[in-house]
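Asker: My structure file start-v3.txt, compact mmCIF, C-alpha atoms, is below:
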# COMPACT_ATOMS: atom_id res chain seq x y z
CA MET Y 1 -149.83 77.76 75.60
CA ARG Y 2 -148.64 77.04 79.11
CA THR Y 3 -146.39 74.37 77.70
CA LEU Y 4 -144.23 76.96 75.93
CA PRO Y 5 -142.56 78.44 79.05
CA ALA Y 6 -142.08 74.93 80.37
CA LEU Y 7 -140.39 73.92 77.12
CA CYS Y 8 -138.12 76.98 77.31
CA LEU Y 9 -137.15 76.06 80.86
CA LEU Y 10 -136.36 72.54 79.73
CA LEU Y 11 -134.15 73.82 76.90
CA VAL Y 12 -132.35 76.17 79.29
CA GLY Y 13 -131.91 73.21 81.62
CA ILE Y 14 -130.36 71.11 78.89
CA ALA Y 15 -128.05 73.95 77.87
CA ALA Y 16 -127.07 74.45 81.51
CA GLN Y 17 -125.64 70.94 81.58
CA ALA Y 18 -122.63 72.25 79.72
CA GLU Y 19 -119.61 71.81 81.98
CA THR Y 20 -116.13 73.21 82.21
CA PRO Y 21 -113.07 71.02 81.57
CA GLN Y 22 -112.05 71.60 85.19
CA ARG Y 23 -115.32 70.25 86.52
CA ILE Y 24 -115.22 67.24 84.23
CA GLY Y 25 -111.65 66.55 85.35
CA GLU Y 26 -112.69 66.90 89.00
CA THR Y 27 -115.51 64.42 88.55
CA TYR Y 28 -113.11 61.78 87.18
CA ALA Y 29 -110.55 62.63 89.89
CA ALA Y 30 -113.17 62.17 92.61
CA GLU Y 31 -114.15 58.84 91.12
CA ALA Y 32 -110.49 57.78 90.99
CA ALA Y 33 -109.90 58.91 94.58
CA GLY Y 34 -112.78 56.68 95.62
CA ARG Y 35 -110.83 53.67 94.34
CA GLN Y 36 -107.36 54.79 95.28
CA ALA Y 37 -107.00 57.01 98.34
CA GLY Y 38 -104.94 60.17 97.86
CA PHE Y 39 -105.24 60.18 94.05
CA THR Y 40 -104.43 63.48 92.39
CA PRO Y 41 -104.56 63.95 88.64
CA SER Y 42 -101.28 64.35 86.79
CA ALA Y 43 -100.97 66.08 83.42
CA GLN Y 44 -97.63 64.32 82.99
CA ARG Y 45 -99.18 60.87 83.34
CA GLY Y 46 -101.89 62.09 80.97
CA GLU Y 47 -99.28 62.96 78.37
CA THR Y 48 -97.60 59.56 78.77
CA LEU Y 49 -100.95 57.88 78.17
CA PHE Y 50 -101.58 60.12 75.15
CA ARG Y 51 -98.24 59.09 73.60
CA GLN Y 52 -98.23 55.43 74.61
CA ARG Y 53 -98.36 52.87 71.80
CA PHE Y 54 -100.71 49.98 72.44
CA GLY Y 55 -100.26 47.05 70.12
CA ASN Y 56 -103.95 46.32 69.72
CA ASN Y 57 -104.99 48.10 66.59
CA ASP Y 58 -102.73 48.27 63.54
CA LYS Y 59 -104.46 51.32 62.16
CA MET Y 60 -104.72 53.14 65.49
CA PRO Y 61 -101.88 52.03 67.77
CA ALA Y 62 -101.99 55.24 69.84
CA CYS Y 63 -104.06 58.35 70.50
CA THR Y 64 -101.50 60.19 68.37
CA SER Y 65 -102.41 58.08 65.32
CA CYS Y 66 -105.35 60.39 64.69
CA HIS Y 67 -104.76 63.29 67.07
CA THR Y 68 -101.11 63.88 65.97
CA ASP Y 69 -98.15 64.31 68.33
CA SER Y 70 -99.47 67.68 69.45
CA PRO Y 71 -102.91 67.99 71.06
CA LEU Y 72 -102.81 71.64 70.01
CA SER Y 73 -102.93 70.70 66.34
CA ALA Y 74 -105.89 69.56 64.32
CA GLY Y 75 -105.87 65.82 63.74
CA GLN Y 76 -106.87 63.56 60.89
CA HIS Y 77 -108.83 60.33 61.10
CA VAL Y 78 -106.50 57.56 59.85
CA VAL Y 79 -109.34 55.60 58.26
CA THR Y 80 -111.62 58.27 56.81
CA GLY Y 81 -109.16 61.16 56.42
CA LYS Y 82 -111.69 63.46 58.11
CA ALA Y 83 -110.34 66.46 60.02
CA ILE Y 84 -110.47 66.26 63.83
CA ARG Y 85 -110.44 69.47 65.85
CA PRO Y 86 -107.63 69.84 68.41
CA LEU Y 87 -107.98 68.00 71.72
CA ALA Y 88 -106.27 70.66 73.85
CA VAL Y 89 -108.61 73.11 75.55
CA ALA Y 90 -106.17 75.93 74.75
CA ALA Y 91 -106.68 75.29 71.03
CA ASN Y 92 -110.34 74.28 71.09
CA GLY Y 93 -112.60 75.83 73.72
CA GLN Y 94 -115.35 73.28 73.07
CA ARG Y 95 -113.33 70.31 74.28
CA PHE Y 96 -114.36 68.67 77.57
CA SER Y 97 -117.49 70.79 77.96
CA ASP Y 98 -120.12 68.08 77.44
CA PRO Y 99 -119.85 65.16 79.91
CA ALA Y 100 -121.88 62.81 77.72
CA LYS Y 101 -119.69 63.48 74.72
CA VAL Y 102 -116.49 63.01 76.76
CA GLU Y 103 -117.77 59.66 78.06
CA LYS Y 104 -118.82 58.59 74.58
CA TRP Y 105 -115.38 59.19 73.09
CA PHE Y 106 -113.42 57.78 76.03
CA GLY Y 107 -115.70 54.75 75.79
CA ARG Y 108 -115.15 54.24 72.07
CA ASN Y 109 -111.52 55.17 71.72
CA CYS Y 110 -110.16 53.44 74.83
CA LYS Y 111 -111.82 50.22 73.74
CA GLU Y 112 -110.54 50.50 70.21
CA VAL Y 113 -106.98 51.67 70.87
CA MET Y 114 -106.27 50.03 74.25
CA ALA Y 115 -108.71 47.11 73.94
CA ARG Y 116 -110.16 47.92 77.35
CA ASP Y 117 -112.01 50.70 79.16
CA CYS Y 118 -109.98 53.57 80.57
CA THR Y 119 -109.97 53.82 84.36
CA PRO Y 120 -111.29 56.97 86.05
CA ALA Y 121 -107.68 57.75 87.03
CA GLU Y 122 -106.53 57.58 83.39
CA LYS Y 123 -109.41 59.81 82.34
CA ALA Y 124 -108.61 62.34 85.08
CA ASP Y 125 -104.94 62.41 84.02
CA PHE Y 126 -105.85 62.73 80.35
CA VAL Y 127 -108.26 65.61 80.97
CA ALA Y 128 -105.62 67.31 83.17
CA TYR Y 129 -103.09 67.10 80.33
CA MET Y 130 -105.52 68.45 77.73
CA ASN Y 131 -106.44 71.23 80.13
CA GLU Y 132 -102.89 72.30 80.83
CA VAL Y 133 -101.01 71.76 77.59
CA ARG Y 134 -100.03 75.03 75.94
CA MET B 135 -152.64 27.35 43.16
CA GLN B 136 -149.13 27.19 41.84
CA LYS B 137 -145.91 29.14 42.21
CA ILE B 138 -145.82 32.26 40.09
CA LEU B 139 -143.30 35.08 39.71
CA VAL B 140 -144.32 37.93 42.04
CA TRP B 141 -141.18 39.83 43.14
CA ASP B 142 -139.08 41.43 40.44
CA TRP B 143 -135.27 41.52 40.65
CA PRO B 144 -134.95 45.12 41.90
CA VAL B 145 -137.29 44.30 44.81
CA ARG B 146 -135.34 41.17 45.75
CA LEU B 147 -131.85 42.56 45.22
CA GLY B 148 -132.81 45.79 47.00
CA HIS B 149 -134.29 43.85 49.91
CA TRP B 150 -131.15 41.79 50.54
CA LEU B 151 -128.82 44.75 49.98
CA MET B 152 -130.81 46.58 52.63
CA VAL B 153 -130.62 43.60 54.99
CA GLY B 154 -126.86 43.32 54.57
CA GLY B 155 -126.34 47.08 54.76
CA PHE B 156 -128.40 47.40 57.93
CA ILE B 157 -126.66 44.50 59.70
CA VAL B 158 -123.17 45.73 58.83
CA ALA B 159 -124.02 49.32 59.72
CA TRP B 160 -125.45 48.19 63.05
CA LEU B 161 -122.40 46.07 63.92
CA THR B 162 -119.93 48.81 62.99
CA SER B 163 -121.84 51.69 64.57
CA GLU B 164 -119.49 52.16 67.55
CA SER B 165 -116.24 51.59 65.71
CA GLU B 166 -113.76 54.09 64.32
CA THR B 167 -111.61 51.34 62.79
CA PHE B 168 -114.60 50.32 60.67
CA ARG B 169 -116.00 53.84 60.22
CA LEU B 170 -115.70 53.71 56.42
CA LEU B 171 -117.46 50.35 56.32
CA HIS B 172 -120.22 51.84 58.46
CA VAL B 173 -120.61 54.77 56.09
CA ILE B 174 -120.63 52.55 52.99
CA SER B 175 -123.16 50.11 54.45
CA GLY B 176 -125.37 52.98 55.62
CA ALA B 177 -125.10 54.56 52.18
CA THR B 178 -126.22 51.23 50.70
CA VAL B 179 -129.39 51.29 52.81
CA LEU B 180 -130.03 54.91 51.88
CA ALA B 181 -129.40 54.31 48.16
CA VAL B 182 -131.65 51.24 48.01
CA ALA B 183 -134.47 53.05 49.84
CA ALA B 184 -134.14 56.07 47.56
CA PHE B 185 -134.27 53.80 44.50
CA ARG B 186 -137.32 52.01 45.88
CA LEU B 187 -139.44 55.20 45.95
CA PRO B 188 -139.66 55.70 42.14
CA TRP B 189 -139.69 51.91 41.73
CA GLY B 190 -142.88 51.96 43.80
CA PHE B 191 -144.50 53.81 40.90
CA ILE B 192 -142.83 52.39 37.79
CA GLY B 193 -141.88 48.90 39.03
CA SER B 194 -143.72 45.68 38.31
CA ARG B 195 -147.23 45.12 39.66
CA TYR B 196 -146.49 43.96 43.21
CA ALA B 197 -143.62 46.43 43.68
CA ARG B 198 -145.98 49.39 43.31
CA PHE B 199 -147.20 51.26 46.38
CA VAL B 200 -150.78 51.23 45.03
CA ASP B 201 -150.65 47.44 45.24
CA PHE B 202 -149.84 47.20 48.94
CA VAL B 203 -150.32 50.50 50.80
CA ARG B 204 -153.72 50.13 52.43
CA GLY B 205 -155.70 52.12 55.01
CA PRO B 206 -155.85 51.32 58.75
CA ARG B 207 -159.05 49.38 58.24
CA ALA B 208 -157.43 46.86 55.90
CA VAL B 209 -154.58 46.44 58.37
CA LYS B 210 -157.08 45.85 61.20
CA ASP B 211 -159.01 43.29 59.17
CA TYR B 212 -155.79 41.47 58.28
CA ALA B 213 -154.66 41.49 61.92
CA ALA B 214 -158.07 40.17 63.00
CA GLY B 215 -157.69 37.35 60.45
CA LEU B 216 -154.24 36.58 61.88
CA LEU B 217 -155.68 36.33 65.40
CA LYS B 218 -158.34 33.91 64.17
CA LEU B 219 -155.47 31.93 62.62
CA GLU B 220 -156.96 32.32 59.17
CA PRO B 221 -155.29 35.36 57.59
CA ALA B 222 -156.34 36.34 54.08
CA HIS B 223 -153.72 35.35 51.51
CA HIS B 224 -152.31 38.15 49.36
CA VAL B 225 -150.34 37.46 46.21
CA GLY B 226 -148.19 40.54 46.91
CA HIS B 227 -147.61 42.13 50.32
CA ASN B 228 -150.32 41.84 52.96
CA PRO B 229 -151.58 45.16 54.43
CA ALA B 230 -149.47 44.84 57.60
CA GLY B 231 -146.35 43.98 55.65
CA GLY B 232 -147.04 46.93 53.38
CA TRP B 233 -146.77 49.32 56.29
CA ALA B 234 -143.58 47.69 57.51
CA ILE B 235 -142.10 48.41 54.08
CA VAL B 236 -143.20 52.05 54.10
CA LEU B 237 -141.78 52.51 57.62
CA LEU B 238 -138.51 50.76 56.81
CA LEU B 239 -138.01 52.80 53.64
CA GLY B 240 -138.75 56.04 55.51
CA LEU B 241 -136.49 55.11 58.42
CA GLY B 242 -133.76 53.91 56.05
CA ILE B 243 -133.79 57.26 54.28
CA LEU B 244 -133.93 59.37 57.48
CA THR B 245 -131.25 57.32 59.24
CA GLY B 246 -129.05 57.49 56.17
CA LEU B 247 -129.49 61.25 55.69
CA SER B 248 -128.82 62.01 59.38
CA GLY B 249 -125.75 59.75 59.25
CA TRP B 250 -124.52 61.55 56.15
CA ALA B 251 -124.96 64.89 57.95
CA ASN B 252 -123.05 63.60 61.00
CA TYR B 253 -120.25 62.32 58.80
CA ASN B 254 -119.95 65.78 57.28
CA ASP B 255 -120.10 67.56 60.64
CA ILE B 256 -123.50 69.11 60.03
CA GLY B 257 -126.01 69.27 62.88
CA GLY B 258 -123.83 68.64 65.93
CA GLY B 259 -124.47 66.36 68.89
CA PHE B 260 -128.24 66.60 68.66
CA LEU B 261 -128.30 65.07 65.19
CA GLU B 262 -126.05 62.25 66.42
CA GLU B 263 -128.73 61.38 68.98
CA VAL B 264 -131.39 61.59 66.24
CA HIS B 265 -129.34 59.22 64.05
CA GLU B 266 -129.05 56.68 66.85
CA GLY B 267 -132.72 57.01 67.78
CA LEU B 268 -133.78 56.43 64.17
CA ALA B 269 -131.51 53.37 63.87
CA VAL B 270 -132.92 51.85 67.07
CA THR B 271 -136.47 52.51 65.81
CA MET B 272 -135.55 50.86 62.54
CA LEU B 273 -134.22 47.80 64.37
CA ALA B 274 -137.55 47.57 66.23
CA VAL B 275 -139.51 47.70 62.95
CA VAL B 276 -137.13 45.08 61.48
CA ALA B 277 -137.92 42.81 64.44
CA ILE B 278 -141.69 43.26 63.90
CA HIS B 279 -141.23 42.72 60.15
CA VAL B 280 -139.27 39.49 60.69
CA ALA B 281 -141.82 38.26 63.25
CA GLY B 282 -144.59 39.02 60.73
CA VAL B 283 -142.75 37.19 57.96
CA LEU B 284 -142.25 34.10 60.13
CA THR B 285 -145.89 34.16 61.32
CA GLY B 286 -147.16 34.67 57.77
CA SER B 287 -144.93 31.87 56.45
CA LEU B 288 -146.27 29.42 59.04
CA MET B 289 -149.91 30.36 58.62
CA HIS B 290 -149.91 30.31 54.83
CA GLY B 291 -147.59 27.32 54.63
CA GLU B 292 -145.48 29.42 52.27
CA ASN B 293 -141.79 30.18 52.82
CA LEU B 294 -141.75 33.96 52.42
CA VAL B 295 -137.97 34.20 52.91
CA ARG B 296 -137.45 31.87 49.96
CA ALA B 297 -140.03 33.89 48.02
CA MET B 298 -137.88 36.99 48.53
CA LEU B 299 -134.96 35.00 47.06
CA ASN B 300 -136.54 33.31 44.03
CA GLY B 301 -139.42 35.77 43.63
CA ARG B 302 -142.08 33.05 43.51
CA LYS B 303 -145.25 32.88 45.57
CA GLN B 304 -148.55 31.03 45.43
CA GLY B 305 -150.98 32.39 42.88
CA THR B 306 -152.75 31.80 39.61
CA PRO B 307 -150.79 32.13 36.35
CA GLU B 308 -152.66 35.22 35.17
CA ASP B 309 -151.52 37.10 38.31
CA ALA B 310 -147.81 36.54 37.59
CA ILE B 311 -145.58 39.43 36.57
CA ARG B 312 -144.22 39.04 33.06
CA SER B 313 -140.64 40.14 33.59
CA ALA B 314 -138.27 40.03 36.55
CA ARG B 315 -136.78 43.33 35.25
CA PRO B 316 -133.10 42.32 35.41
CA LEU B 317 -131.93 45.50 33.66
CA ALA B 318 -133.45 47.67 36.38
CA ALA B 319 -131.67 45.51 38.96
CA ALA B 320 -128.36 46.16 37.21
CA LEU B 321 -129.19 49.86 37.32
CA LEU B 322 -129.95 49.56 41.06
CA LEU B 323 -126.60 47.90 41.66
CA ALA B 324 -124.75 50.61 39.71
CA TRP B 325 -126.66 53.29 41.62
CA VAL B 326 -125.79 51.74 45.00
CA VAL B 327 -122.10 51.48 44.09
CA ALA B 328 -122.06 55.08 42.85
CA ALA B 329 -123.89 56.42 45.91
CA GLY B 330 -121.66 54.45 48.30
CA TRP B 331 -118.52 55.70 46.59
CA TRP B 332 -119.74 59.29 46.47
CA ILE B 333 -120.88 59.39 50.11
CA ALA B 334 -117.76 57.72 51.47
CA THR B 335 -115.26 59.95 49.66
Translate the structure of the given file into structure tokens.

Answerer:
Amino acid sequence: MRTLPALCLLLVGIAAQAETPQRIGETYAAEAAGRQAGFTPSAQRGETLFRQRFGNNDKMPACTSCHTDSPLSAGQHVVTGKAIRPLAVAANGQRFSDPAKVEKWFGRNCKEVMARDCTPAEKADFVAYMNEVR
Amino acid sequence: MQKILVWDWPVRLGHWLMVGGFIVAWLTSESETFRLLHVISGATVLAVAAFRLPWGFIGSRYARFVDFVRGPRAVKDYAAGLLKLEPAHHVGHNPAGGWAIVLLLGLGILTGLSGWANYNDIGGGFLEEVHEGLAVTMLAVVAIHVAGVLTGSLMHGENLVRAMLNGRKQGTPEDAIRSARPLAAALLLAWVVAAGWWIAT
């Protein structure tokens, strides 16, 4: 019976790991600043990255292939046709709230679209754009 | 002892469909470009495992669960025989192999169902972790299964991989199954295609 309160605490602890988009952006920015002194995130650079076409994947040349030209709109997976909820925090309050999920999708999508990992600076810029776009 | 027909066609076809489906699903697990292929190969594993459950009751002799699902004691005795390098020969599955099959069918079904739920946005992030955990567990059981097959093949001097292809193992003629049940295999194939198409669209 004493395990029950402990289990509750653990669940609360897991739930408490939810983060805000600001904090997630700050974490990437701090990591980027560690590599490049004086780095500050730029939503504008983030937007450029979002719209850039990389010639690596015919089906998914850019982020916009699935996420559409507007991060405020719902997207559609080009392969499966499945709906994708908006990337922009203003349109989807659940975006950039779970660090593990953010890392998972940066990890997958950067590799697939850009054929390499995104740098912490790129991630910080991208999160800044998604945070600010209205 | 001579070679007799032991594995019917649905067992063999289902086995290799599951092998192919699992390998492809594993290799495409992190990819969005190949997401549909991942879903179809996972659906193949799920469909084969689901077919195998009733086939374990109405299939040919050695396909039936009553033929190879044994208690822990039988498994222990078989393992002890293995350690003494003189394992008892079974015409069908040995008791250890029997449990690998039960586990792989169960994991194939659970991994497939959790994957289907993820694909349809049911269950959230937690279920995604469950899906990955089940797949990793399944890979571990596959590794044990393959190790067991290689060990068994060496010790019995009988190529068990080939047996799963041509259906023939060592035994006496009266222990052979009478029919390879090709019609049921055609039904299995149709079922897998239908399930794959339905799940992916």

Asker: Measure the distance from atom CA of Ile174 of chain B to atom CA of His77 of chain Y in Å and round it to one decimal.

Answerer: 16.3 Å

Asker: Given the choices B:Ala208, B:Ala159, B:Val140, B:Met135, which gets closest to Arg315 of chain B if the distance is worked out from only C-alpha atoms?

Answerer: B:Val140

Asker: Using only C-alpha atoms, I'd like a table of the residues in chain B that come within 10 Å of chain Y; for each, show the closest atom pair and its distance in Å rounded to one decimal, ordered by chain and ascending number, as a Markdown table.

Answerer:
| residue | atom | partner | partner_atom | distance |
| --- | --- | --- | --- | --- |
| B:Glu164 | CA | Y:Arg108 | CA | 6.6 |
| B:Ser165 | CA | Y:Arg108 | CA | 7.0 |
| B:Glu166 | CA | Y:Glu112 | CA | 7.6 |
| B:Thr167 | CA | Y:Val79 | CA | 6.6 |
| B:Phe168 | CA | Y:Val79 | CA | 7.8 |
| B:Arg169 | CA | Y:Thr80 | CA | 7.1 |
| B:Leu170 | CA | Y:Thr80 | CA | 6.1 |
| B:Leu171 | CA | Y:Thr80 | CA | 9.9 |
| B:Val173 | CA | Y:Thr80 | CA | 9.7 |
| B:Tyr253 | CA | Y:Lys82 | CA | 8.7 |
| B:Asn254 | CA | Y:Lys82 | CA | 8.6 |
| B:Asp255 | CA | Y:Lys82 | CA | 9.7 |
| B:Gly259 | CA | Y:Lys101 | CA | 8.1 |
| B:Ala334 | CA | Y:Thr80 | CA | 8.2 |
| B:Thr335 | CA | Y:Thr80 | CA | 8.2 |

Asker: Around all the atoms of segment 159-176 of chain B listed in the file, with 4 Å of room on each side, what axis-aligned box do you get, giving centre and edge lengths in Å to one decimal, as lines of an AutoDock Vina configuration file?

Answerer:
center_x = -118.5
center_y = 50.4
center_z = 60.3
size_x = 21.8
size_y = 16.7
size_z = 22.6

Asker: How far is it from atom CA of Ala124 of chain Y to atom CA of Cys63 of chain Y, in Å with one decimal?

Answerer: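 For atom CA of Ala124 of chain Y relative to atom CA of Cys63 of chain Y, the distance reads 15.8 Å.
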
Asker: Determine, counting all atoms listed in the file, every residue of protein, DNA or RNA that lies within 7 Å of (-145.2, 33.8, 36.1) in the file coordinates, then give the result as a PDB file with C-alpha atoms, in the frame of the given file.

Answerer:
ATOM      1  CA  ILE B 138    -145.820  32.260  40.090  1.00  0.00           C
ATOM      2  CA  LEU B 139    -143.300  35.080  39.710  1.00  0.00           C
ATOM      3  CA  PRO B 307    -150.790  32.130  36.350  1.00  0.00           C
ATOM      4  CA  ALA B 310    -147.810  36.540  37.590  1.00  0.00           C
ATOM      5  CA  ILE B 311    -145.580  39.430  36.570  1.00  0.00           C
ATOM      6  CA  ARG B 312    -144.220  39.040  33.060  1.00  0.00           C
TER       7      ARG B 312
END

Asker: To one decimal place, how far is atom CA of Phe156 of chain B from atom CA of Gly249 of chain B in Å?

Answerer: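 Separation of atom CA of Phe156 of chain B and atom CA of Gly249 of chain B: 12.7 Å.
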
Asker: Near segment 287-301 of chain B, counting all atoms listed in the file, which residues have an atom at most 9 Å away, once you skip same-chain residues fewer than 4 positions from it, shown as JSON, numbers by chain?

Answerer: {"B": [138, 139, 140, 141, 142, 143, 145, 146, 147, 149, 150, 216, 219, 220, 221, 222, 223, 282, 283, 314]}

Asker: Contacts of Gly38 of chain Y at 12 Å or less, counting only C-alpha atoms, minus same-chain residues fewer than 6 places along, as a VMD selection string?

Answerer: chain Y and resid 29 to 32 121

Asker: Place a sphere of radius 8 Å on (-107.3, 73.8, 73.8) in the file coordinates and name every protein, DNA or RNA residue with an atom inside or on its surface, counting only C-alpha atoms; give the answer as a list in words.

Answerer: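 Every polymer residue passing the test: Pro71, Leu72, Pro86, Leu87, Ala88, Val89, Ala90, Ala91, Asn92, Gly93, Arg95, Met130, Asn131, Val133 and Arg134 of chain Y.
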
Asker: Now that the selection is made, can you save its residues with C-alpha atoms as a short mmCIF file (atom, residue, chain, number, x, y, z; two decimals), in the frame of the given file?

Answerer:
data_model
loop_
_atom_site.label_atom_id
_atom_site.label_comp_id
_atom_site.auth_asym_id
_atom_site.auth_seq_id
_atom_site.Cartn_x
_atom_site.Cartn_y
_atom_site.Cartn_z
CA PRO Y 71 -102.91 67.99 71.06
CA LEU Y 72 -102.81 71.64 70.01
CA PRO Y 86 -107.63 69.84 68.41
CA LEU Y 87 -107.98 68.00 71.72
CA ALA Y 88 -106.27 70.66 73.85
CA VAL Y 89 -108.61 73.11 75.55
CA ALA Y 90 -106.17 75.93 74.75
CA ALA Y 91 -106.68 75.29 71.03
CA ASN Y 92 -110.34 74.28 71.09
CA GLY Y 93 -112.60 75.83 73.72
CA ARG Y 95 -113.33 70.31 74.28
CA MET Y 130 -105.52 68.45 77.73
CA ASN Y 131 -106.44 71.23 80.13
CA VAL Y 133 -101.01 71.76 77.59
CA ARG Y 134 -100.03 75.03 75.94
#

Asker: Please list as a PyMOL selection string every residue within 6 Å of Ala43 of chain Y, counting only C-alpha atoms and excluding residues in the same chain fewer than 4 positions away.

Answerer: chain Y and resi 125+128-129

Asker: Hey, which of B:Glu308, B:Trp331, B:Leu261, B:Ala234 ends up closest to Ala277 of chain B? Count all atoms listed in the file.

Answerer: B:Ala234
